[in-house]
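Everything on this sheet refers to the single structure shown next.
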Amino acid sequence: MALPTRLVQRMSRGTFPFARVRVVGLVIAVGLPAVDARADISLLSLDTFAATNEGWKIGGAGIQPTQVSQPGSDGQTGYLSHLSDGGTANGKWLMWNDGARWQGNYPSAGVTGISLAANVSAGSSPVSMRIAFDGPGGWFYSSPLSVGTGWNLYSFPLAQSGFTHVSASGGTASFGDTMAAVTRFEVLSGAGAVSYRAGGDIVQAGTSTNTILLDDISAVPEPASPVLATAGLAVGAAGLVRRWRRS
């Protein structure tokens with residue numbers, strides 16, 4: 001399989017992140033079955049925000065997450081900007097997605113982590129950021145990561161030991177039940193305790209005054225597994241092609 005000339009030129013100049021790894025992935029990926037990234041969760045689930053906000057939202061009221069057509073964390077056009085103002089409908093920093101590509105059975109798809117690039121562009125820094133999932137087991141939220149100014153990559157392993165059930169959200173209280181049939185994926189930030197809001201079916205973590213930028217939200221595999229590592233290389237290849245198309 002020949003790589004596009006412009007892509008090869010960018011890689012030779014060192015302007016493409018992780019170019020060498022992804023070229024290997026492209027070679028190994030040849031012959032693997034095609035995966036429809038528009039369907040349920042898969043190792044190809046990736047939001048780059050090249051043209052839209054990819055369906056991330058806060059509900060009917062307030063200012064929705066905004067796609068920005070400027071270079072993001074990877075130097076390619078497009079990232080997401082979202083704000084919290086300490087009051088009104090944007091008083092708490094959170095956003096969620098119920099698109100098909102983030103729904104479904106994460107373990108069966110080989111997805112054992114979520115990675116994303118983040119940057120606190122305004123307001124207090126650092127912030128405590130979590131991810132959360134809703135499903136038959138109810139809402140579960142992750143341990144927080146400290147996110148500061150400047151673009152950095154953050155990884156959230158999807159291990160049961162790192163997640164807490166929100167009892168008010170109901171369900172079976174089983175992390176496995178939720179991750180086997182995820183209906184909503186949320187990213188939230190705030191220093192307060194995480195609580196459930198039935199009106200809107202969301203979890204939240206207190207008010208804040210921040211603008212946080214996000215880019216390249218991605219499903220990732222377990223690197224220790226040979227099978228999933230191969231699939232992960234295929235994902236790297238897909239990401240390589242996607243970023244080339246954006247350039």
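Letters A, B, ... go to the chains of the structure tokens in the order shown; residues in each chain start at 1; ligands are counted from 1 in the same order.
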- Which neighbours of Ala168 of chain A fall inside 12 Å, counting only C-alpha atoms, when residues of the same chain fewer than 4 positions from it are skipped, and could you give them as number ranges by chain? A: 137-140, 164, 172-173, 194-198, 201-203
For the residues selected in the previous step, produce a file with C-alpha atoms as a PDB file, in the first residue's frame.
```
ATOM      1  CA  GLY A 137     -25.490  -0.277  35.945  1.00  0.00           C
ATOM      2  CA  GLY A 138     -26.135   3.453  36.397  1.00  0.00           C
ATOM      3  CA  TRP A 139     -23.591   6.273  36.167  1.00  0.00           C
ATOM      4  CA  PHE A 140     -19.922   5.607  36.978  1.00  0.00           C
ATOM      5  CA  THR A 164     -17.221   5.072  41.416  1.00  0.00           C
ATOM      6  CA  THR A 172     -27.666  -2.442  38.992  1.00  0.00           C
ATOM      7  CA  ALA A 173     -24.613  -0.646  40.458  1.00  0.00           C
ATOM      8  CA  VAL A 194     -19.724  14.346  41.987  1.00  0.00           C
ATOM      9  CA  SER A 195     -23.519  14.247  42.133  1.00  0.00           C
ATOM     10  CA  TYR A 196     -26.372  13.089  39.924  1.00  0.00           C
ATOM     11  CA  ARG A 197     -28.943  15.407  38.373  1.00  0.00           C
ATOM     12  CA  ALA A 198     -32.040  13.540  37.314  1.00  0.00           C
ATOM     13  CA  ASP A 201     -29.609  12.552  33.416  1.00  0.00           C
ATOM     14  CA  ILE A 202     -26.062  13.835  33.978  1.00  0.00           C
ATOM     15  CA  VAL A 203     -23.360  13.836  36.645  1.00  0.00           C
TER      16      VAL A 203
END
```
- Message: Taking the DSSP secondary structure from the backbone, can you list the residues of segment 44-158 of chain A that are strand (DSSP E or B), as a PyMOL selection string?
- Response: chain A and resi 46-47+57+66-71+77-85+93-97+104+113-123+127-134+140-142+145-147+152-157
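Of all the residues in segment 95-247 of chain A, the ones DSSP labels as alpha helix (DSSP H) from the backbone are A:Phe175, A:Gly176, A:Asp177, A:Thr178, A:Met179, A:Pro226, A:Val227, A:Leu228, A:Ala229, A:Thr230, A:Ala231, A:Gly232, A:Leu233, A:Ala234, A:Val235, A:Gly236, A:Ala237, A:Ala238, A:Gly239, A:Leu240, A:Val241, A:Arg242, A:Arg243, A:Trp244, A:Arg245, A:Arg246.
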- Find the spatial neighbours of Gly162 of chain A, counting only C-alpha atoms, within a cut-off of 7 Å - ignore same-chain residues fewer than 2 positions away - and output them as a PyMOL selection string. chain A and resi 142-143+159-160
- Message: Between A:Thr77, A:Thr149, A:Ser167, A:Gln70, which residue has the minimum interatomic distance to Ala118 of chain A, considering only C-alpha atoms?
- Response: A:Thr149
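Residues in contact with Gln67 of chain A at up to 7 Å, not including ones fewer than 3 positions away on its chain and judged by only C-alpha atoms, are Phe49, Thr52, Asn53, Gly78, Tyr79, Leu80 and Ser81 of chain A.
Near Leu213 of chain A, within a cut-off of 10 Å and counting only C-alpha atoms, sit the residues Pro65, Thr66, Gln67, Val68, Gly72, Ser73, Tyr79, Leu80, Ser81, His82, Leu83, Ala117, Ala118, Asn119, Val120, Ser121, Ala122, Thr149, Gly150, Trp151 and Asn210 of chain A, with same-chain residues fewer than 3 positions away left out.
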Output C-alpha atoms of each residue in that selection to a file, as an mmCIF file, in the first residue's frame.
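This went into out17.cif:
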```cif
data_model
loop_
_atom_site.group_PDB
_atom_site.id
_atom_site.type_symbol
_atom_site.label_atom_id
_atom_site.label_comp_id
_atom_site.auth_asym_id
_atom_site.auth_seq_id
_atom_site.Cartn_x
_atom_site.Cartn_y
_atom_site.Cartn_z
ATOM 1 C CA PRO A 65 -19.375 23.211 23.153
ATOM 2 C CA THR A 66 -17.926 25.104 20.185
ATOM 3 C CA GLN A 67 -15.772 23.827 17.346
ATOM 4 C CA VAL A 68 -12.818 26.141 16.677
ATOM 5 C CA GLY A 72 -5.303 22.085 17.924
ATOM 6 C CA SER A 73 -3.143 19.759 20.002
ATOM 7 C CA TYR A 79 -10.541 21.547 18.459
ATOM 8 C CA LEU A 80 -13.393 21.962 20.926
ATOM 9 C CA SER A 81 -13.832 24.900 23.312
ATOM 10 C CA HIS A 82 -16.257 24.759 26.236
ATOM 11 C CA LEU A 83 -16.825 27.150 29.123
ATOM 12 C CA ALA A 117 -5.842 16.229 24.701
ATOM 13 C CA ALA A 118 -6.846 19.095 26.981
ATOM 14 C CA ASN A 119 -5.824 22.674 27.690
ATOM 15 C CA VAL A 120 -7.198 25.068 30.326
ATOM 16 C CA SER A 121 -7.210 28.275 28.310
ATOM 17 C CA ALA A 122 -8.938 30.553 30.838
ATOM 18 C CA THR A 149 -2.660 25.104 30.828
ATOM 19 C CA GLY A 150 -1.098 24.168 27.509
ATOM 20 C CA TRP A 151 -1.948 21.150 25.378
ATOM 21 C CA ASN A 210 -13.114 27.998 33.212
#
```
- Query: Any idea what the distance is between atom CA of Ala61 of chain A and atom CA of Phe133 of chain A?
  - Reply: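 Separation of atom CA of Ala61 of chain A and atom CA of Phe133 of chain A: 21.6 Å.
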Near Pro157 of chain A, within 8 Å and counting only C-alpha atoms, which residues show up once chain neighbours fewer than 3 positions away are dropped, as a tab-separated table (two decimals) with N, CA and C atoms, in the first residue's frame?
```tsv
chain	number	residue	atom	x	y	z
A	112	THR	N	-10.13	-0.31	26.33
A	112	THR	CA	-9.80	-0.35	27.75
A	112	THR	C	-9.31	1.00	28.27
A	113	GLY	N	-9.48	2.04	27.47
A	113	GLY	CA	-9.08	3.36	27.93
A	113	GLY	C	-9.62	4.45	27.02
A	114	ILE	N	-9.62	5.66	27.54
A	114	ILE	CA	-9.97	6.85	26.77
A	114	ILE	C	-8.80	7.82	26.88
A	162	GLY	N	-10.92	2.11	39.22
A	162	GLY	CA	-10.77	3.55	39.09
A	162	GLY	C	-12.08	4.29	38.93
```
- Message: Ranking A:Val111, A:Leu44, A:Leu94, A:Val187 by minimum distance to Thr207 of chain A and counting only C-alpha atoms, which one comes first?
- Response: A:Leu94
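Going from atom CA of Pro144 of chain A to atom CA of Ala100 of chain A covers 25.5 Å.
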- Between atom CA of His165 of chain A and atom CA of Met129 of chain A, measure the distance and give it in Å to one decimal.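 Taking atom CA of His165 of chain A as the start and atom CA of Met129 of chain A as the end point, the length is 16.6 Å.
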Met179 of chain A surroundings by only C-alpha atoms, 8 Å radius, close-in-sequence under 4 positions cut, as a tab-separated table (two decimals) with N, CA and C atoms, in the first residue's frame:
```tsv
chain	number	residue	atom	x	y	z
A	104	GLY	N	-22.40	1.34	23.38
A	104	GLY	CA	-22.20	-0.09	23.14
A	104	GLY	C	-21.31	-0.76	24.15
A	105	ASN	N	-20.77	-1.91	23.75
A	105	ASN	CA	-20.02	-2.79	24.64
A	105	ASN	C	-18.52	-2.51	24.53
A	106	TYR	N	-17.98	-1.79	25.48
A	106	TYR	CA	-16.57	-1.41	25.45
A	106	TYR	C	-15.63	-2.61	25.59
A	107	PRO	N	-15.85	-3.50	26.56
A	107	PRO	CA	-14.94	-4.65	26.67
A	107	PRO	C	-14.93	-5.52	25.41
A	133	PHE	N	-19.60	7.35	32.53
A	133	PHE	CA	-20.41	6.56	31.61
A	133	PHE	C	-21.74	6.20	32.26
A	135	GLY	N	-25.25	3.65	31.82
A	135	GLY	CA	-25.70	2.40	31.22
A	135	GLY	C	-26.58	1.65	32.20
A	175	PHE	N	-20.41	-2.00	37.46
A	175	PHE	CA	-19.58	-1.33	36.45
A	175	PHE	C	-19.58	-2.13	35.14
```
